[in-house]
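First comes the structure, then the notes that go with it.
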Amino acid sequence: MSVTVVGSLNEDVVVTVDRLPGRGETVVGSAVAVLPGGKGANQAAAAGRLGAGVHMVGRVGADPAAGRQLAALAESGVNVGRVQRTDGVPTGTATIPVEAAGGENLIVVVPGANARLTATDVDVESVHRAGVLLLQLEVPMATVQAAAVATRGTVVLNPAPPQPLPAELLARVDVLVPNEHELVRLAGAEPGARTPADVADLARGLAPSVVVTLGARGALVVTGDGLPLLQAPPPVTPVDTTGAGDCFCGALSSALDRGLPLPDAVRYAVTAAALSTTGPGARGALPDDDAVRALLSRTPQAVPVS
């Protein structure tokens, strides 16, 4: 089996700041780094570090950034044979201010070549034969839908950045993986503090299985049968939370592809995501399978939510 990721590849410009700027405010950064990124590529890199047989489908520009992004994915064990270079547009970019203490961040994305990914691009064997197809929303919606239709595998959708989802796409999704903010948008609810039970109520019925990532609280597993499960993460000291959600999605897909039941796959993914926050950037601390398994004993068992 294999994991195929259809999605974005970006070059991240990460700026370290004492605190994130408010609306209309200028803050002075203390450091800058240029790193590989993009939700799709980050998720593929996370899956590639955890197991073999990971494929990336996407587009980059015909610029120096493209070569850097392809090389970074290949170093993570990802097959990049279906990532196409695109004349006339740059490789996608993201600007990310990150707080020096605690690692909180903001992200501004310019899609570049990602916006040129088409339905024809995803009509390929790596999509057709994927054990798990992992999707996000940093490429055109029509392309995401085409990929979901084309695969025979389990479809995992991370609905980020949040936007309305066509019913035709949701009908193809097996596991929906929003964060709490994205879930609120999808459910048409008002922002506000919610208990895990409240979050579960919003998630029910959106897809056969919904896994809501909750940051430092872990993740909530909501299925059509049984009580929701709250999976807390293991204790770590975070340095930078950029890309933790992407690591979660890649690790979840890798675990599902290996045949783990959803609750066990979520426990594995929460552990991997926690480890990913212990270094800088979206991929600075992506763990391998040995590291995740070594920490699993410190990851609490999931608890039912009633």
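Following the order of the structure tokens, first chain is A, next is B, and so on, with residues numbered from 1 inside each chain and ligands from 1 in the order they appear.
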DSSP-assigned strand (DSSP E or B) members of stretch 16-223 of chain A, reported as a PyMOL selection string: chain A and resi 16-17+29-37+54-61+78-86+92-99+105+108-110+132-135+154-157+175-176+179+209-213+219-223
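Computed from the coordinates, the atom CA of A:Asp257 to atom CA of A:Arg172 distance equals 17.3 Å.
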Name the residues of stretch 244-280 of chain A that come out as helix (DSSP H, G or I) in a backbone DSSP run; write them as a VMD selection string. chain A and resid 244 to 257 262 to 276
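Once A:Thr278 and its same-chain neighbours fewer than 6 positions away are set aside, Gly103, Val236, Thr237, Pro238, Val239, Asp240, Thr241, Ala244, Gly284, Ala285, Leu286 and Pro287 of chain A remain within 10 Å of it when counting only C-alpha atoms.
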Selected residues written out with all heavy atoms, as a short mmCIF file (atom, residue, chain, number, x, y, z; two decimals), in the first residue's frame:
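Below is the file that was written, out-v1.cif:
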```cif
data_model
loop_
_atom_site.label_atom_id
_atom_site.label_comp_id
_atom_site.auth_asym_id
_atom_site.auth_seq_id
_atom_site.Cartn_x
_atom_site.Cartn_y
_atom_site.Cartn_z
N GLY A 103 6.26 29.43 20.53
CA GLY A 103 6.13 28.95 19.17
C GLY A 103 4.83 29.26 18.46
O GLY A 103 4.58 28.73 17.38
N VAL A 236 5.81 17.25 26.10
CA VAL A 236 7.01 17.71 25.40
C VAL A 236 7.18 19.19 25.73
O VAL A 236 6.26 19.84 26.22
CB VAL A 236 6.93 17.52 23.88
CG1 VAL A 236 6.81 16.05 23.51
CG2 VAL A 236 5.77 18.31 23.27
N THR A 237 8.35 19.73 25.39
CA THR A 237 8.60 21.17 25.52
C THR A 237 8.60 21.78 24.13
O THR A 237 9.54 21.59 23.36
CB THR A 237 9.95 21.43 26.21
OG1 THR A 237 9.94 20.83 27.50
CG2 THR A 237 10.18 22.94 26.36
N PRO A 238 7.53 22.51 23.75
CA PRO A 238 7.46 23.01 22.38
C PRO A 238 8.43 24.15 22.12
O PRO A 238 8.67 25.01 22.97
CB PRO A 238 6.00 23.50 22.27
CG PRO A 238 5.60 23.81 23.67
CD PRO A 238 6.33 22.84 24.54
N VAL A 239 8.98 24.16 20.93
CA VAL A 239 9.85 25.23 20.44
C VAL A 239 9.14 26.03 19.36
O VAL A 239 9.20 27.25 19.32
CB VAL A 239 11.18 24.65 19.91
CG1 VAL A 239 12.01 25.73 19.22
CG2 VAL A 239 11.97 24.00 21.04
N ASP A 240 8.43 25.33 18.46
CA ASP A 240 7.77 25.96 17.32
C ASP A 240 6.62 25.06 16.90
O ASP A 240 6.84 23.91 16.52
CB ASP A 240 8.78 26.15 16.18
CG ASP A 240 8.21 26.90 14.98
OD1 ASP A 240 6.97 27.13 14.94
OD2 ASP A 240 8.99 27.25 14.08
N THR A 241 5.40 25.57 16.96
CA THR A 241 4.23 24.75 16.61
C THR A 241 3.90 24.78 15.12
O THR A 241 2.96 24.11 14.69
CB THR A 241 2.98 25.22 17.40
OG1 THR A 241 2.68 26.57 17.04
CG2 THR A 241 3.21 25.12 18.89
N ALA A 244 2.64 21.54 13.05
CA ALA A 244 2.26 20.40 13.89
C ALA A 244 1.01 19.71 13.35
O ALA A 244 0.91 18.48 13.35
CB ALA A 244 2.03 20.87 15.32
N GLY A 284 11.46 21.01 11.00
CA GLY A 284 12.72 20.96 11.74
C GLY A 284 12.83 19.80 12.71
O GLY A 284 13.95 19.42 13.09
N ALA A 285 11.71 19.22 13.11
CA ALA A 285 11.77 18.12 14.08
C ALA A 285 10.80 17.00 13.71
O ALA A 285 10.26 16.33 14.59
CB ALA A 285 11.46 18.65 15.49
N LEU A 286 10.59 16.77 12.41
CA LEU A 286 9.72 15.67 12.02
C LEU A 286 10.33 14.35 12.51
O LEU A 286 11.49 14.05 12.22
CB LEU A 286 9.55 15.62 10.50
CG LEU A 286 8.70 16.71 9.86
CD1 LEU A 286 8.66 16.52 8.35
CD2 LEU A 286 7.28 16.73 10.43
N PRO A 287 9.57 13.56 13.25
CA PRO A 287 10.14 12.33 13.80
C PRO A 287 10.11 11.18 12.81
O PRO A 287 9.32 11.18 11.86
CB PRO A 287 9.21 12.04 14.98
CG PRO A 287 7.87 12.55 14.52
CD PRO A 287 8.19 13.80 13.71
#
```
Can you tell me which residues surround A:Leu229 at a distance of at most 10 Å, considering only C-alpha atoms, apart from same-chain residues fewer than 2 positions away, and format the answer as a PyMOL selection string? chain A and resi 196-197+200+211+219-223+226-227+231-232+263+266+301-306
Dump C-alpha atoms for the selected residues as a PDB file, in the first residue's frame?
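Full text of out05.pdb as output:
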```pdb
ATOM      1  CA  PRO A 196     -14.881  18.405  23.967  1.00  0.00           C
ATOM      2  CA  ALA A 197     -18.527  17.304  24.053  1.00  0.00           C
ATOM      3  CA  ALA A 200     -18.091  16.486  19.119  1.00  0.00           C
ATOM      4  CA  VAL A 211     -10.772  13.817  13.875  1.00  0.00           C
ATOM      5  CA  ALA A 219      -7.302  15.383  19.217  1.00  0.00           C
ATOM      6  CA  LEU A 220     -10.944  14.337  19.366  1.00  0.00           C
ATOM      7  CA  VAL A 221     -12.152  11.249  17.481  1.00  0.00           C
ATOM      8  CA  VAL A 222     -15.811  11.333  16.432  1.00  0.00           C
ATOM      9  CA  THR A 223     -17.356   8.387  14.559  1.00  0.00           C
ATOM     10  CA  GLY A 226     -19.690   4.870  20.163  1.00  0.00           C
ATOM     11  CA  LEU A 227     -18.692   7.792  22.330  1.00  0.00           C
ATOM     12  CA  GLN A 231      -6.682  11.707  22.866  1.00  0.00           C
ATOM     13  CA  ALA A 232      -4.212  13.813  24.853  1.00  0.00           C
ATOM     14  CA  PRO A 263      -8.207   5.456  17.549  1.00  0.00           C
ATOM     15  CA  VAL A 266      -4.838   9.068  16.169  1.00  0.00           C
ATOM     16  CA  GLN A 301      -4.772   6.442  26.582  1.00  0.00           C
ATOM     17  CA  ALA A 302      -7.797   8.110  24.986  1.00  0.00           C
ATOM     18  CA  VAL A 303     -10.758   8.810  27.255  1.00  0.00           C
ATOM     19  CA  PRO A 304     -14.436   8.709  26.251  1.00  0.00           C
ATOM     20  CA  VAL A 305     -16.323  12.008  26.088  1.00  0.00           C
ATOM     21  CA  SER A 306     -19.946  11.966  27.178  1.00  0.00           C
TER      22      SER A 306
END
```
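Atom CA of A:Thr213 lies 16.5 Å from atom CA of A:Ala282.
The residue set within 7 Å of A:Ser76, counting only C-alpha atoms and dropping same-chain residues fewer than 5 places from it, reads A:Ala45, A:Gly48, A:Arg49.
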Could you write out the selected residues, including C-alpha atoms, as an mmCIF file, in the first residue's frame?
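Result written to selection27.cif:
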```
data_model
loop_
_atom_site.group_PDB
_atom_site.id
_atom_site.type_symbol
_atom_site.label_atom_id
_atom_site.label_comp_id
_atom_site.auth_asym_id
_atom_site.auth_seq_id
_atom_site.Cartn_x
_atom_site.Cartn_y
_atom_site.Cartn_z
ATOM 1 C CA ALA A 45 7.391 14.839 4.357
ATOM 2 C CA GLY A 48 7.760 9.947 4.292
ATOM 3 C CA ARG A 49 9.794 10.099 7.490
#
```
